[in-house]
Amino acid sequence: MRFGFTREQDEFRASLRRALEARSPTKEVRRLMATDAGWDRDAWRKLNQELGLTAIHIPEAYGGQGFGFSELGIVLEEMGRALVCAPFFSTAALATTAILNAGTEDQKRALLPAVADGTTTATLAFSEDNGSNDATGVTMTAAPSGATYRLDGAKSFVLDGHTADLIVVLARREGARGEEGLSFFTVDGNASGLERRRLKTMDETRKLARLEFKSVEARLLGEAEKAAVPFAKTVQQVLICLANEMVGGADRLREDALAYVKMRMQFGRSIASFQTTKNKAADMLVDVELAKSAAYYAAAALDEGDDDLPAIASLAKACAAEAYLQTAIHAVQMHGGIGFTWDNDTHLWFKRAKSSEILFGDANQHRELMMQHWKH
């Protein structure tokens, strides 16, 4: 396993950072987060036409670029750094991985090319009103209806669920319990009987939705009642993707806070020279670098197929979640009184840090899962 990036990966990161900084200044972030959709479809199309980002880890056979999770992690880190308001995580990290893990060869060839070129946005709906992120919490039912199925129930906290063109849904056969009877389905975003409502959230840069299914037509994705294994694999991949995105945001907060204290003068000298400021800056650097190491290692472990992936994924998520939030807290404090204001941009990343901390399980939950894996 490699423990560093190649020259090509570093060059890719540098060019991507320049492109995203130009496309996602905080003025644009504020504009988009105030809209109902939370993103702009024309800008999304242009982004994919020029950079091909949603195709990054889709195999070439399905219209993608065929790179691995290390490269996807670079994209997500830079997107988290620039706080890009776009359905990238929901499409590339959630839906695409689910389709790749569960779909048949014909289904992948039918669904993924439109995702790869940016024509179709997609998401994965698996959490329900109880907020559970594991297979045992699924109560939505699926019943056969001729060549298709009918879904009944609700999914909540669905990333970009109110705008997605394609929704991958996890549901179960009626009467089944635990990990039995689970299947993946694909649903058209405008399907009859589907009610989509955007949820009011603290982090306006990432929209969540509640989806209610009332006898909604759906097509089976992969094998019937065999979704437990591909779902578990998808969750591990998604956790590692989120960890990489989070360290990008944390590093941006750290750099911005450091730049501010170097510039801010008090008592005739820069406040960066005060010992308490130095302590915070040092703590931030240690936290962010440790989280980066965990996230990078986890992405490489995905590409290598490491046997301890369940524990590694939880470790990366727990480490990144705590580092991001603590860095955000320090960043606000280092900005002083202005750090608490709406006009200062720090709160944008602070809110993303808080929402990401609990998305797909908090640090305490993942440390418990990590210990359970290694115990067995």
# chains A, B, ... in the order shown; residues from 1 in each chain; ligands from 1
>>> select_by_dssp(residues="region 4-138 of chain A", states="alpha helix (DSSP H)", output="number ranges by chain")
A: 7-23, 26-33, 41-51, 69-82, 88, 96-102, 105-116
>>> residues_around(residues="Glu179 (chain A)", least_positions_apart="5", cutoff="7 Å", atoms="only C-alpha atoms", output="mmCIF file with C-alpha atoms, in the first residue's frame")
data_model
loop_
_atom_site.group_PDB
_atom_site.id
_atom_site.type_symbol
_atom_site.label_atom_id
_atom_site.label_comp_id
_atom_site.auth_asym_id
_atom_site.auth_seq_id
_atom_site.Cartn_x
_atom_site.Cartn_y
_atom_site.Cartn_z
ATOM 1 C CA ALA A 135 -30.050 -2.528 7.484
ATOM 2 C CA THR A 136 -32.023 -3.534 10.568
ATOM 3 C CA ALA A 228 -27.519 -6.789 2.689
#
>>> closest_residue(among="A:Ala122, A:Met371, A:Ala209, A:Ala116", to="Asp188 (chain A)", atoms="only C-alpha atoms")
A:Ala122
>>> residues_around(residues="Arg81 (chain A)", least_positions_apart="4", cutoff="8 Å", atoms="only C-alpha atoms", output="list of chain:residue names")
A:Glu77, A:Glu245, A:Val247, A:Gly248, A:Gly249, A:Ala250, A:Asp251, A:Arg252
>>> write_last_selection(atoms="N, CA, C and O atoms", output="compact mmCIF listing (two decimals), in the first residue's frame")
# COMPACT_ATOMS: atom_id res chain seq x y z
N GLU A 77 -12.24 15.86 -1.23
CA GLU A 77 -11.51 16.75 -0.32
C GLU A 77 -11.51 18.19 -0.85
O GLU A 77 -11.73 19.14 -0.09
N GLU A 245 -13.97 14.23 2.35
CA GLU A 245 -14.58 15.54 2.16
C GLU A 245 -14.40 16.41 3.41
O GLU A 245 -14.12 17.61 3.32
N VAL A 247 -12.03 16.37 5.75
CA VAL A 247 -10.68 16.89 6.00
C VAL A 247 -10.36 18.07 5.08
O VAL A 247 -9.57 18.94 5.44
N GLY A 248 -11.01 18.12 3.92
CA GLY A 248 -10.84 19.28 3.04
C GLY A 248 -11.40 20.53 3.67
O GLY A 248 -10.77 21.60 3.66
N GLY A 249 -12.60 20.41 4.26
CA GLY A 249 -13.20 21.56 4.93
C GLY A 249 -12.42 21.98 6.15
O GLY A 249 -12.25 23.18 6.42
N ALA A 250 -11.93 21.00 6.92
CA ALA A 250 -11.16 21.31 8.12
C ALA A 250 -9.87 22.05 7.78
O ALA A 250 -9.50 23.01 8.46
N ASP A 251 -9.19 21.61 6.73
CA ASP A 251 -7.94 22.26 6.34
C ASP A 251 -8.19 23.69 5.86
O ASP A 251 -7.39 24.60 6.12
N ARG A 252 -9.30 23.91 5.17
CA ARG A 252 -9.64 25.26 4.72
C ARG A 252 -9.89 26.17 5.93
O ARG A 252 -9.41 27.32 5.96
>>> residues_around(residues="region 274-284 of chain A", least_positions_apart="4", cutoff="8 Å", atoms="only C-alpha atoms", output="list in words")
Arg254, Leu258, Val261, Ser270, Val288, Ala323, Gln326, Thr327, His330 and Met334 of chain A
>>> residues_around(residues="Val235 (chain A)", least_positions_apart="6", cutoff="9 Å", atoms="only C-alpha atoms", output="list of chain:residue names")
A:Leu94, A:Ala98, A:Asn133, A:Asp134, A:Ala313, A:Phe360
>>> select_by_dssp(residues="region 252-354 of chain A", states="strand (DSSP E or B)", output="list in words")
Met265, Gln266, Arg269 and Ser270 of chain A
>>> write_last_selection(atoms="all heavy atoms", output="short mmCIF file (atom, residue, chain, number, x, y, z; two decimals), in the first residue's frame")
data_model
loop_
_atom_site.label_atom_id
_atom_site.label_comp_id
_atom_site.auth_asym_id
_atom_site.auth_seq_id
_atom_site.Cartn_x
_atom_site.Cartn_y
_atom_site.Cartn_z
N MET A 265 -4.19 42.86 13.98
CA MET A 265 -3.26 43.52 14.90
C MET A 265 -3.97 43.91 16.20
O MET A 265 -5.13 44.34 16.19
CB MET A 265 -2.67 44.77 14.25
CG MET A 265 -1.95 44.53 12.93
SD MET A 265 -0.51 43.47 13.10
CE MET A 265 0.59 44.57 14.00
N GLN A 266 -3.27 43.70 17.31
CA GLN A 266 -3.79 44.11 18.61
C GLN A 266 -2.62 44.44 19.53
O GLN A 266 -1.60 43.72 19.54
CB GLN A 266 -4.64 42.98 19.21
CG GLN A 266 -5.55 43.43 20.35
CD GLN A 266 -6.50 42.33 20.76
OE1 GLN A 266 -6.08 41.32 21.30
NE2 GLN A 266 -7.79 42.51 20.50
N ARG A 269 0.78 44.50 17.74
CA ARG A 269 1.40 43.33 17.10
C ARG A 269 0.33 42.34 16.64
O ARG A 269 -0.83 42.40 17.08
CB ARG A 269 2.37 42.64 18.07
CG ARG A 269 1.75 42.15 19.37
CD ARG A 269 2.79 41.47 20.23
NE ARG A 269 2.26 41.09 21.53
CZ ARG A 269 2.64 40.01 22.19
NH1 ARG A 269 3.54 39.19 21.64
NH2 ARG A 269 2.14 39.73 23.37
N SER A 270 0.73 41.44 15.77
CA SER A 270 -0.19 40.44 15.24
C SER A 270 -0.65 39.52 16.35
O SER A 270 0.16 39.09 17.19
CB SER A 270 0.51 39.63 14.15
OG SER A 270 -0.20 38.45 13.87
#
>>> closest_atom_pairs(of="region 75-114 of chain A", to="region 21-38 of chain A", cutoff="10 Å", atoms="only C-alpha atoms", output="JSON lines")
{"residue": "A:Glu78", "atom": "CA", "partner": "A:Glu21", "partner_atom": "CA", "distance": 9.1}
{"residue": "A:Met79", "atom": "CA", "partner": "A:Ser24", "partner_atom": "CA", "distance": 9.0}
{"residue": "A:Arg81", "atom": "CA", "partner": "A:Glu21", "partner_atom": "CA", "distance": 9.0}
{"residue": "A:Ala82", "atom": "CA", "partner": "A:Ser24", "partner_atom": "CA", "distance": 6.1}
{"residue": "A:Leu83", "atom": "CA", "partner": "A:Val29", "partner_atom": "CA", "distance": 7.1}
{"residue": "A:Val84", "atom": "CA", "partner": "A:Ser24", "partner_atom": "CA", "distance": 5.7}
{"residue": "A:Cys85", "atom": "CA", "partner": "A:Val29", "partner_atom": "CA", "distance": 6.3}
{"residue": "A:Ala86", "atom": "CA", "partner": "A:Gly38", "partner_atom": "CA", "distance": 7.2}
{"residue": "A:Pro87", "atom": "CA", "partner": "A:Gly38", "partner_atom": "CA", "distance": 8.6}
>>> closest_atom_pairs(of="region 75-133 of chain A", to="region 45-48 of chain A", cutoff="8 Å", atoms="only C-alpha atoms", output="Markdown table")
| residue | atom | partner | partner_atom | distance |
| --- | --- | --- | --- | --- |
| A:Asp117 | CA | A:Asn48 | CA | 6.3 |
| A:Gly118 | CA | A:Asn48 | CA | 5.6 |
| A:Thr119 | CA | A:Arg45 | CA | 7.0 |
>>> closest_residue(among="A:Gly222, A:Gly268, A:Gly131, A:Pro230", to="Gly103 (chain A)", atoms="only C-alpha atoms")
A:Gly222
